[in-house]
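Asker: One structure is given below, represented as structure tokens, and several questions about it will come after.
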Amino acid sequence: MLHSEFMDMQFYIMFYPIVFFYGICIGSFLNVVIYRLPRNESLIKRSSHCTTCGAKIRVIDIIPILSWLMLRGKCRSCGEKISPRYPVVEALNGIIYVVTFTVLDFDLRSLLYCFCFSILICIGFIDWDTMEMDPVMIGMIAALGIPLCVISALPAETQASLPEFVQLEGDSLLSHLIGLFCVSVPFFLIGEITGLIARKIYKKDLRRGIELGDTLLMAAAGLLLGWKAVLASAFFGILIAAGWGLIGKLISGESKFAFGPALSIGLFFGALWGEPLLNWYIGILTYNPYA
Ligand SMILES: [Zn+2]
């Protein structure tokens with residue numbers, strides 16, 4: 001849709017602030033989801049309120065990032081501290097949108113990825129807080145994958161007749177279908193086996209190594225991203241989780257932690273850089289200097 005001749009300096013100056021602004025506004029809504037969903041509160045019914053004194057938050061105080069800075073992180077009516085997590089989530093979502101459109105260009109795929117990353121922010125923070133994953137959110141990620149599956153299944157000529165915005169270059173339905181299973185099946189087996197060992201040795205129904213939520217998340221993300229990106233995502237996610245677990249063990253002696261945030265971060269990097277990285281790696285493995 002956006003040809004290179006439009007991709008000049010003026011375009012960037014216009015485009016990125018708008019993208020960032022949309023990103024932080026949606027980030028503001030993500031804060032509502034992260035706070036209210038685990039508490040079974042309605043996402044739309046009640047207007048934003050202070051979580052300490054319950055005072056309704058005025059319009060001037062709901063501007064993403066800026067309001068928190070102007071209030072110096074304190075509630076206007078009761079003076080109680082407002083978690084810095086709120087502006088962090090807003091800024092994070094804005095930055096993620098800008099990075100996504102920079103790395104992938106502006107098309108249907110990158111738009112769907114942005115929605116996916118926003119859902120992953122919610123999944124990551126909620127899992128961090130509660131050790132639970134919401135199946136509806138995982139389902140939403142899978143639903144984002146369906147348009148890409150449909151378009152990539154079209155014959156090349158049909159796809160070429162579509163607007164450039166929705167075309168998917170070098171994508172195939174098979175890649176999405178393999179993506180659905182290539183990480184989720186091994187995750188499921190590891191979860192089952194570690195669960196079985198835990199029950200056999202400790203005679204208790206302990207938490208499994210990999211929870212069912214993690215497995216379903218990787219299945220849904222695999223359908224959206226395709227097999228190469230989801231495989232790289234799992235690799236990044238496990239690396240992050242291992243580093244995280246090690247630091248946690250060293251600092252607090254606690255090795256139990258939520259896998260969801262690590263997987264969410266892994267999926268972000270995997271979605272944007274996983275496929276070129278895997279292609280490069282396959283290139284090294286199959287390089288023949290005598291050919
Ligand atoms: Zn208050």
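Every chain in the structure tokens takes a letter, A first, then B, and so on in the order presented; its residues are numbered from 1, and the ligands are numbered from 1 following the presented order.
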Near Ile210 of chain A, counting only C-alpha atoms, which residues have an atom at most 7 Å away, once you skip same-chain residues fewer than 3 positions from it, shown as a PDB file with all heavy atoms, in the first residue's frame?

Answerer:
```pdb
ATOM      1  N   PHE A 187       5.458 -28.766  23.701  1.00  0.00           N
ATOM      2  CA  PHE A 187       5.125 -28.145  24.993  1.00  0.00           C
ATOM      3  C   PHE A 187       4.137 -29.012  25.765  1.00  0.00           C
ATOM      4  O   PHE A 187       4.267 -29.215  26.962  1.00  0.00           O
ATOM      5  CB  PHE A 187       4.536 -26.740  24.784  1.00  0.00           C
ATOM      6  CG  PHE A 187       5.547 -25.641  24.819  1.00  0.00           C
ATOM      7  CD1 PHE A 187       6.850 -25.850  24.395  1.00  0.00           C
ATOM      8  CD2 PHE A 187       5.202 -24.369  25.281  1.00  0.00           C
ATOM      9  CE1 PHE A 187       7.785 -24.829  24.427  1.00  0.00           C
ATOM     10  CE2 PHE A 187       6.130 -23.339  25.325  1.00  0.00           C
ATOM     11  CZ  PHE A 187       7.412 -23.567  24.893  1.00  0.00           C
ATOM     12  N   ILE A 190       5.931 -32.125  27.068  1.00  0.00           N
ATOM     13  CA  ILE A 190       6.805 -31.803  28.200  1.00  0.00           C
ATOM     14  C   ILE A 190       5.954 -31.568  29.453  1.00  0.00           C
ATOM     15  O   ILE A 190       6.276 -32.065  30.529  1.00  0.00           O
ATOM     16  CB  ILE A 190       7.681 -30.556  27.896  1.00  0.00           C
ATOM     17  CG1 ILE A 190       8.671 -30.877  26.770  1.00  0.00           C
ATOM     18  CG2 ILE A 190       8.433 -30.093  29.153  1.00  0.00           C
ATOM     19  CD1 ILE A 190       9.379 -29.658  26.201  1.00  0.00           C
ATOM     20  N   GLY A 191       4.847 -30.841  29.281  1.00  0.00           N
ATOM     21  CA  GLY A 191       3.944 -30.572  30.403  1.00  0.00           C
ATOM     22  C   GLY A 191       3.395 -31.849  31.000  1.00  0.00           C
ATOM     23  O   GLY A 191       3.376 -32.031  32.214  1.00  0.00           O
ATOM     24  N   ASP A 214       0.261 -22.056  28.582  1.00  0.00           N
ATOM     25  CA  ASP A 214       1.458 -21.778  27.776  1.00  0.00           C
ATOM     26  C   ASP A 214       1.385 -22.524  26.448  1.00  0.00           C
ATOM     27  O   ASP A 214       1.739 -21.996  25.390  1.00  0.00           O
ATOM     28  CB  ASP A 214       2.724 -22.215  28.531  1.00  0.00           C
ATOM     29  CG  ASP A 214       2.815 -21.583  29.909  1.00  0.00           C
ATOM     30  OD1 ASP A 214       2.469 -20.404  30.034  1.00  0.00           O
ATOM     31  OD2 ASP A 214       3.213 -22.284  30.854  1.00  0.00           O
TER      32      ASP A 214
END
```

Asker: At a cut-off of 10 Å, can you tabulate as a Markdown table every residue of chain A near ligand 1 together with its closest atom pair and the distance in Å to one decimal, using only C-alpha atoms and all ligand atoms and ordering rows by chain then number?

Answerer:
```
| residue | atom | partner | partner_atom_place_in_ligand_line | distance |
| --- | --- | --- | --- | --- |
| A:His49 | CA | ligand 1 | 1 (Zn) | 7.8 |
| A:Cys50 | CA | ligand 1 | 1 (Zn) | 4.6 |
| A:Thr51 | CA | ligand 1 | 1 (Zn) | 6.6 |
| A:Thr52 | CA | ligand 1 | 1 (Zn) | 5.0 |
| A:Cys53 | CA | ligand 1 | 1 (Zn) | 4.1 |
| A:Gly54 | CA | ligand 1 | 1 (Zn) | 6.0 |
| A:Ala55 | CA | ligand 1 | 1 (Zn) | 5.7 |
| A:Lys56 | CA | ligand 1 | 1 (Zn) | 8.5 |
| A:Ile57 | CA | ligand 1 | 1 (Zn) | 8.7 |
| A:Lys74 | CA | ligand 1 | 1 (Zn) | 7.9 |
| A:Cys75 | CA | ligand 1 | 1 (Zn) | 4.6 |
| A:Arg76 | CA | ligand 1 | 1 (Zn) | 6.5 |
| A:Ser77 | CA | ligand 1 | 1 (Zn) | 5.2 |
| A:Cys78 | CA | ligand 1 | 1 (Zn) | 4.1 |
| A:Gly79 | CA | ligand 1 | 1 (Zn) | 6.1 |
| A:Glu80 | CA | ligand 1 | 1 (Zn) | 5.7 |
| A:Lys81 | CA | ligand 1 | 1 (Zn) | 8.3 |
| A:Ile82 | CA | ligand 1 | 1 (Zn) | 8.5 |
```

Asker: Report, in Å to a single decimal, how far apart atom CA of Phe259 of chain A and atom CA of Ala242 of chain A are.

Answerer: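 Those two atoms sit 9.7 Å apart.
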
Asker: Find the spatial neighbours of Leu212 of chain A, counting only C-alpha atoms, within a cut-off of 12 Å - ignore same-chain residues fewer than 5 positions away - and output them as a PDB file with N, CA, C and O atoms, in the first residue's frame.

Answerer:
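Below is the file that was written, part.pdb:
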```pdb
ATOM      1  N   MET A 131      -0.649 -15.864  37.849  1.00  0.00           N
ATOM      2  CA  MET A 131      -0.270 -17.193  37.354  1.00  0.00           C
ATOM      3  C   MET A 131      -1.410 -17.849  36.568  1.00  0.00           C
ATOM      4  O   MET A 131      -1.502 -19.070  36.500  1.00  0.00           O
ATOM      5  N   GLU A 132      -2.271 -17.030  36.004  1.00  0.00           N
ATOM      6  CA  GLU A 132      -3.386 -17.562  35.205  1.00  0.00           C
ATOM      7  C   GLU A 132      -3.346 -16.939  33.815  1.00  0.00           C
ATOM      8  O   GLU A 132      -2.919 -15.796  33.652  1.00  0.00           O
ATOM      9  N   MET A 133      -3.809 -17.710  32.823  1.00  0.00           N
ATOM     10  CA  MET A 133      -3.947 -17.164  31.473  1.00  0.00           C
ATOM     11  C   MET A 133      -5.399 -17.210  31.069  1.00  0.00           C
ATOM     12  O   MET A 133      -6.071 -18.202  31.301  1.00  0.00           O
ATOM     13  N   ASP A 134      -5.864 -16.139  30.453  1.00  0.00           N
ATOM     14  CA  ASP A 134      -7.259 -16.070  30.053  1.00  0.00           C
ATOM     15  C   ASP A 134      -7.430 -16.756  28.693  1.00  0.00           C
ATOM     16  O   ASP A 134      -6.840 -16.317  27.701  1.00  0.00           O
ATOM     17  N   PRO A 135      -8.230 -17.833  28.634  1.00  0.00           N
ATOM     18  CA  PRO A 135      -8.388 -18.548  27.358  1.00  0.00           C
ATOM     19  C   PRO A 135      -9.016 -17.691  26.261  1.00  0.00           C
ATOM     20  O   PRO A 135      -8.741 -17.905  25.078  1.00  0.00           O
ATOM     21  N   ILE A 138      -6.256 -15.879  24.486  1.00  0.00           N
ATOM     22  CA  ILE A 138      -5.508 -16.798  23.624  1.00  0.00           C
ATOM     23  C   ILE A 138      -6.323 -17.061  22.356  1.00  0.00           C
ATOM     24  O   ILE A 138      -5.779 -17.061  21.248  1.00  0.00           O
ATOM     25  N   SER A 184       3.451 -26.195  20.112  1.00  0.00           N
ATOM     26  CA  SER A 184       2.424 -26.588  21.090  1.00  0.00           C
ATOM     27  C   SER A 184       2.491 -28.085  21.416  1.00  0.00           C
ATOM     28  O   SER A 184       2.321 -28.463  22.577  1.00  0.00           O
ATOM     29  N   VAL A 185       2.758 -28.916  20.412  1.00  0.00           N
ATOM     30  CA  VAL A 185       2.807 -30.368  20.678  1.00  0.00           C
ATOM     31  C   VAL A 185       3.984 -30.721  21.602  1.00  0.00           C
ATOM     32  O   VAL A 185       3.775 -31.376  22.625  1.00  0.00           O
ATOM     33  N   PRO A 186       5.222 -30.291  21.296  1.00  0.00           N
ATOM     34  CA  PRO A 186       6.309 -30.560  22.255  1.00  0.00           C
ATOM     35  C   PRO A 186       6.030 -29.971  23.648  1.00  0.00           C
ATOM     36  O   PRO A 186       6.307 -30.620  24.652  1.00  0.00           O
ATOM     37  N   PHE A 187       5.458 -28.766  23.701  1.00  0.00           N
ATOM     38  CA  PHE A 187       5.125 -28.145  24.993  1.00  0.00           C
ATOM     39  C   PHE A 187       4.137 -29.012  25.765  1.00  0.00           C
ATOM     40  O   PHE A 187       4.267 -29.215  26.962  1.00  0.00           O
ATOM     41  N   PHE A 188       3.124 -29.526  25.030  1.00  0.00           N
ATOM     42  CA  PHE A 188       2.103 -30.351  25.673  1.00  0.00           C
ATOM     43  C   PHE A 188       2.740 -31.621  26.248  1.00  0.00           C
ATOM     44  O   PHE A 188       2.480 -31.991  27.401  1.00  0.00           O
ATOM     45  N   LEU A 189       3.614 -32.247  25.458  1.00  0.00           N
ATOM     46  CA  LEU A 189       4.258 -33.486  25.904  1.00  0.00           C
ATOM     47  C   LEU A 189       5.155 -33.225  27.111  1.00  0.00           C
ATOM     48  O   LEU A 189       5.120 -33.983  28.086  1.00  0.00           O
ATOM     49  N   ILE A 190       5.931 -32.125  27.068  1.00  0.00           N
ATOM     50  CA  ILE A 190       6.805 -31.803  28.200  1.00  0.00           C
ATOM     51  C   ILE A 190       5.954 -31.568  29.453  1.00  0.00           C
ATOM     52  O   ILE A 190       6.276 -32.065  30.529  1.00  0.00           O
ATOM     53  N   GLY A 191       4.847 -30.841  29.281  1.00  0.00           N
ATOM     54  CA  GLY A 191       3.944 -30.572  30.403  1.00  0.00           C
ATOM     55  C   GLY A 191       3.395 -31.849  31.000  1.00  0.00           C
ATOM     56  O   GLY A 191       3.376 -32.031  32.214  1.00  0.00           O
ATOM     57  N   GLU A 192       2.948 -32.784  30.116  1.00  0.00           N
ATOM     58  CA  GLU A 192       2.389 -34.055  30.578  1.00  0.00           C
ATOM     59  C   GLU A 192       3.448 -34.882  31.308  1.00  0.00           C
ATOM     60  O   GLU A 192       3.197 -35.432  32.376  1.00  0.00           O
ATOM     61  N   GLY A 195       4.493 -33.368  34.602  1.00  0.00           N
ATOM     62  CA  GLY A 195       3.376 -33.542  35.532  1.00  0.00           C
ATOM     63  C   GLY A 195       3.344 -34.964  36.079  1.00  0.00           C
ATOM     64  O   GLY A 195       3.143 -35.182  37.275  1.00  0.00           O
ATOM     65  N   ARG A 207       2.265 -28.390  40.138  1.00  0.00           N
ATOM     66  CA  ARG A 207       2.159 -27.677  38.856  1.00  0.00           C
ATOM     67  C   ARG A 207       3.099 -28.334  37.861  1.00  0.00           C
ATOM     68  O   ARG A 207       4.183 -28.768  38.207  1.00  0.00           O
ATOM     69  N   LEU A 217      -1.222 -20.938  24.202  1.00  0.00           N
ATOM     70  CA  LEU A 217      -0.710 -19.658  23.710  1.00  0.00           C
ATOM     71  C   LEU A 217       0.209 -19.879  22.508  1.00  0.00           C
ATOM     72  O   LEU A 217       0.100 -19.172  21.499  1.00  0.00           O
ATOM     73  N   MET A 218       1.097 -20.876  22.601  1.00  0.00           N
ATOM     74  CA  MET A 218       2.036 -21.117  21.505  1.00  0.00           C
ATOM     75  C   MET A 218       1.327 -21.705  20.283  1.00  0.00           C
ATOM     76  O   MET A 218       1.760 -21.483  19.153  1.00  0.00           O
ATOM     77  N   ALA A 219       0.234 -22.442  20.504  1.00  0.00           N
ATOM     78  CA  ALA A 219      -0.555 -22.952  19.371  1.00  0.00           C
ATOM     79  C   ALA A 219      -1.208 -21.779  18.635  1.00  0.00           C
ATOM     80  O   ALA A 219      -1.105 -21.662  17.411  1.00  0.00           O
ATOM     81  N   PHE A 259       5.544 -18.484  33.304  1.00  0.00           N
ATOM     82  CA  PHE A 259       6.224 -18.648  32.025  1.00  0.00           C
ATOM     83  C   PHE A 259       5.657 -17.660  30.996  1.00  0.00           C
ATOM     84  O   PHE A 259       6.338 -17.275  30.047  1.00  0.00           O
ATOM     85  N   GLY A 260       4.423 -17.235  31.216  1.00  0.00           N
ATOM     86  CA  GLY A 260       3.719 -16.380  30.251  1.00  0.00           C
ATOM     87  C   GLY A 260       4.447 -15.102  29.860  1.00  0.00           C
ATOM     88  O   GLY A 260       4.548 -14.796  28.669  1.00  0.00           O
TER      89      GLY A 260
END
```

Asker: Identify, on the basis of only C-alpha atoms, every residue whose closest approach to Asp171 of chain A does not exceed 10 Å; exclude the query and any residue fewer than 4 positions from it along the same chain; express the result as a PyMOL selection string.

Answerer: chain A and resi 148-149+151-153+167+175-176+226

Asker: Which residue gives the smallest distance to Thr215 of chain A among A:Tyr281, A:Phe181, A:Tyr202, A:Trp68, with only C-alpha atoms counted?

Answerer: A:Phe181

Asker: Using DSSP secondary structure from the backbone, list all alpha helix (DSSP H) positions within segment 67-137 of chain A, as number ranges by chain.

Answerer: A: 67-70, 85-104, 108-130, 135-137

Asker: Deliver the residues from the most recent selection as a file, using N, CA and C atoms, as a compact mmCIF listing (two decimals), in the first residue's frame.

Answerer:
```
# COMPACT_ATOMS: atom_id res chain seq x y z
N SER A 67 -0.41 12.36 32.19
CA SER A 67 -1.13 12.60 33.43
C SER A 67 -0.36 12.04 34.62
N TRP A 68 0.18 10.85 34.44
CA TRP A 68 0.94 10.22 35.54
C TRP A 68 2.14 11.10 35.91
N LEU A 69 2.81 11.63 34.88
CA LEU A 69 3.98 12.48 35.12
C LEU A 69 3.56 13.77 35.81
N MET A 70 2.44 14.36 35.34
CA MET A 70 2.00 15.64 35.92
C MET A 70 1.55 15.47 37.36
N ARG A 85 3.59 1.19 36.79
CA ARG A 85 3.27 0.22 35.75
C ARG A 85 2.32 0.81 34.71
N TYR A 86 1.41 1.71 35.15
CA TYR A 86 0.44 2.28 34.21
C TYR A 86 1.13 3.04 33.06
N PRO A 87 1.97 4.04 33.35
CA PRO A 87 2.64 4.70 32.22
C PRO A 87 3.60 3.77 31.47
N VAL A 88 4.16 2.77 32.18
CA VAL A 88 5.08 1.84 31.52
C VAL A 88 4.33 1.01 30.47
N VAL A 89 3.14 0.51 30.83
CA VAL A 89 2.35 -0.29 29.87
C VAL A 89 1.96 0.57 28.68
N GLU A 90 1.56 1.83 28.94
CA GLU A 90 1.17 2.74 27.85
C GLU A 90 2.33 3.00 26.90
N ALA A 91 3.48 3.35 27.48
CA ALA A 91 4.66 3.63 26.66
C ALA A 91 5.11 2.38 25.90
N LEU A 92 5.08 1.24 26.60
CA LEU A 92 5.49 -0.02 25.98
C LEU A 92 4.66 -0.31 24.74
N ASN A 93 3.33 -0.15 24.86
CA ASN A 93 2.46 -0.43 23.72
C ASN A 93 2.73 0.54 22.57
N GLY A 94 2.97 1.82 22.89
CA GLY A 94 3.27 2.80 21.85
C GLY A 94 4.58 2.48 21.14
N ILE A 95 5.60 2.14 21.91
CA ILE A 95 6.92 1.82 21.34
C ILE A 95 6.83 0.56 20.47
N ILE A 96 6.09 -0.44 20.97
CA ILE A 96 5.94 -1.70 20.23
C ILE A 96 5.29 -1.46 18.87
N TYR A 97 4.28 -0.58 18.80
CA TYR A 97 3.63 -0.29 17.52
C TYR A 97 4.61 0.37 16.55
N VAL A 98 5.38 1.33 17.07
CA VAL A 98 6.33 2.04 16.21
C VAL A 98 7.40 1.06 15.69
N VAL A 99 7.92 0.22 16.59
CA VAL A 99 8.95 -0.75 16.19
C VAL A 99 8.38 -1.72 15.16
N THR A 100 7.14 -2.20 15.39
CA THR A 100 6.53 -3.18 14.48
C THR A 100 6.41 -2.61 13.07
N PHE A 101 5.89 -1.36 12.96
CA PHE A 101 5.71 -0.77 11.62
C PHE A 101 7.04 -0.39 11.00
N THR A 102 8.07 -0.20 11.81
CA THR A 102 9.39 0.09 11.26
C THR A 102 10.01 -1.18 10.68
N VAL A 103 9.88 -2.28 11.43
CA VAL A 103 10.52 -3.53 11.00
C VAL A 103 9.75 -4.19 9.86
N LEU A 104 8.41 -4.17 9.93
CA LEU A 104 7.60 -4.96 9.00
C LEU A 104 6.87 -4.14 7.94
N LEU A 108 -1.48 -5.32 6.42
CA LEU A 108 -2.44 -6.07 7.24
C LEU A 108 -1.71 -6.93 8.28
N ARG A 109 -0.62 -7.58 7.83
CA ARG A 109 0.10 -8.48 8.73
C ARG A 109 0.63 -7.73 9.94
N SER A 110 1.30 -6.59 9.71
CA SER A 110 1.87 -5.86 10.84
C SER A 110 0.78 -5.29 11.74
N LEU A 111 -0.38 -4.95 11.13
CA LEU A 111 -1.51 -4.46 11.92
C LEU A 111 -2.02 -5.56 12.87
N LEU A 112 -2.16 -6.78 12.33
CA LEU A 112 -2.61 -7.91 13.14
C LEU A 112 -1.58 -8.24 14.23
N TYR A 113 -0.29 -8.12 13.86
CA TYR A 113 0.77 -8.38 14.85
C TYR A 113 0.67 -7.38 16.01
N CYS A 114 0.38 -6.11 15.67
CA CYS A 114 0.25 -5.09 16.73
C CYS A 114 -0.85 -5.47 17.71
N PHE A 115 -2.00 -5.91 17.18
CA PHE A 115 -3.09 -6.35 18.07
C PHE A 115 -2.61 -7.51 18.92
N CYS A 116 -1.89 -8.43 18.29
CA CYS A 116 -1.38 -9.60 19.01
C CYS A 116 -0.45 -9.16 20.14
N PHE A 117 0.44 -8.21 19.86
CA PHE A 117 1.39 -7.75 20.90
C PHE A 117 0.65 -7.09 22.06
N SER A 118 -0.42 -6.35 21.74
CA SER A 118 -1.21 -5.73 22.81
C SER A 118 -1.85 -6.80 23.70
N ILE A 119 -2.39 -7.85 23.07
CA ILE A 119 -2.98 -8.95 23.84
C ILE A 119 -1.88 -9.62 24.67
N LEU A 120 -0.69 -9.76 24.08
CA LEU A 120 0.42 -10.40 24.81
C LEU A 120 0.84 -9.59 26.04
N ILE A 121 0.75 -8.26 25.93
CA ILE A 121 1.05 -7.41 27.10
C ILE A 121 0.08 -7.77 28.23
N CYS A 122 -1.21 -7.88 27.89
CA CYS A 122 -2.22 -8.26 28.91
C CYS A 122 -1.93 -9.65 29.45
N ILE A 123 -1.70 -10.61 28.56
CA ILE A 123 -1.45 -11.99 28.99
C ILE A 123 -0.22 -12.04 29.90
N GLY A 124 0.84 -11.34 29.49
CA GLY A 124 2.09 -11.36 30.27
C GLY A 124 1.91 -10.78 31.67
N PHE A 125 1.27 -9.61 31.76
CA PHE A 125 1.11 -8.98 33.07
C PHE A 125 0.12 -9.75 33.96
N ILE A 126 -0.98 -10.24 33.35
CA ILE A 126 -1.96 -10.97 34.16
C ILE A 126 -1.34 -12.28 34.66
N ASP A 127 -0.57 -12.94 33.80
CA ASP A 127 0.08 -14.19 34.22
C ASP A 127 1.09 -13.91 35.33
N TRP A 128 1.78 -12.78 35.22
CA TRP A 128 2.77 -12.35 36.23
C TRP A 128 2.07 -12.15 37.58
N ASP A 129 0.88 -11.50 37.53
CA ASP A 129 0.15 -11.18 38.76
C ASP A 129 -0.53 -12.40 39.37
N THR A 130 -1.14 -13.22 38.51
CA THR A 130 -2.08 -14.24 39.02
C THR A 130 -1.68 -15.67 38.70
N PRO A 135 -8.23 -17.83 28.63
CA PRO A 135 -8.39 -18.55 27.36
C PRO A 135 -9.02 -17.69 26.26
N VAL A 136 -9.84 -16.70 26.65
CA VAL A 136 -10.47 -15.84 25.64
C VAL A 136 -9.40 -15.04 24.89
N MET A 137 -8.41 -14.53 25.64
CA MET A 137 -7.34 -13.76 25.00
C MET A 137 -6.50 -14.63 24.06
```

Asker: Give me the residues within 9 Å of Leu278 of chain A as a list in words, counting only C-alpha atoms and dropping any in the same chain fewer than 4 places off.

Answerer: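 Once the nearby chain positions are removed, what remains is Lys228, Ala229, Leu231, Ala232, Trp273, Gly274, Ile282 and Gly283 of chain A.
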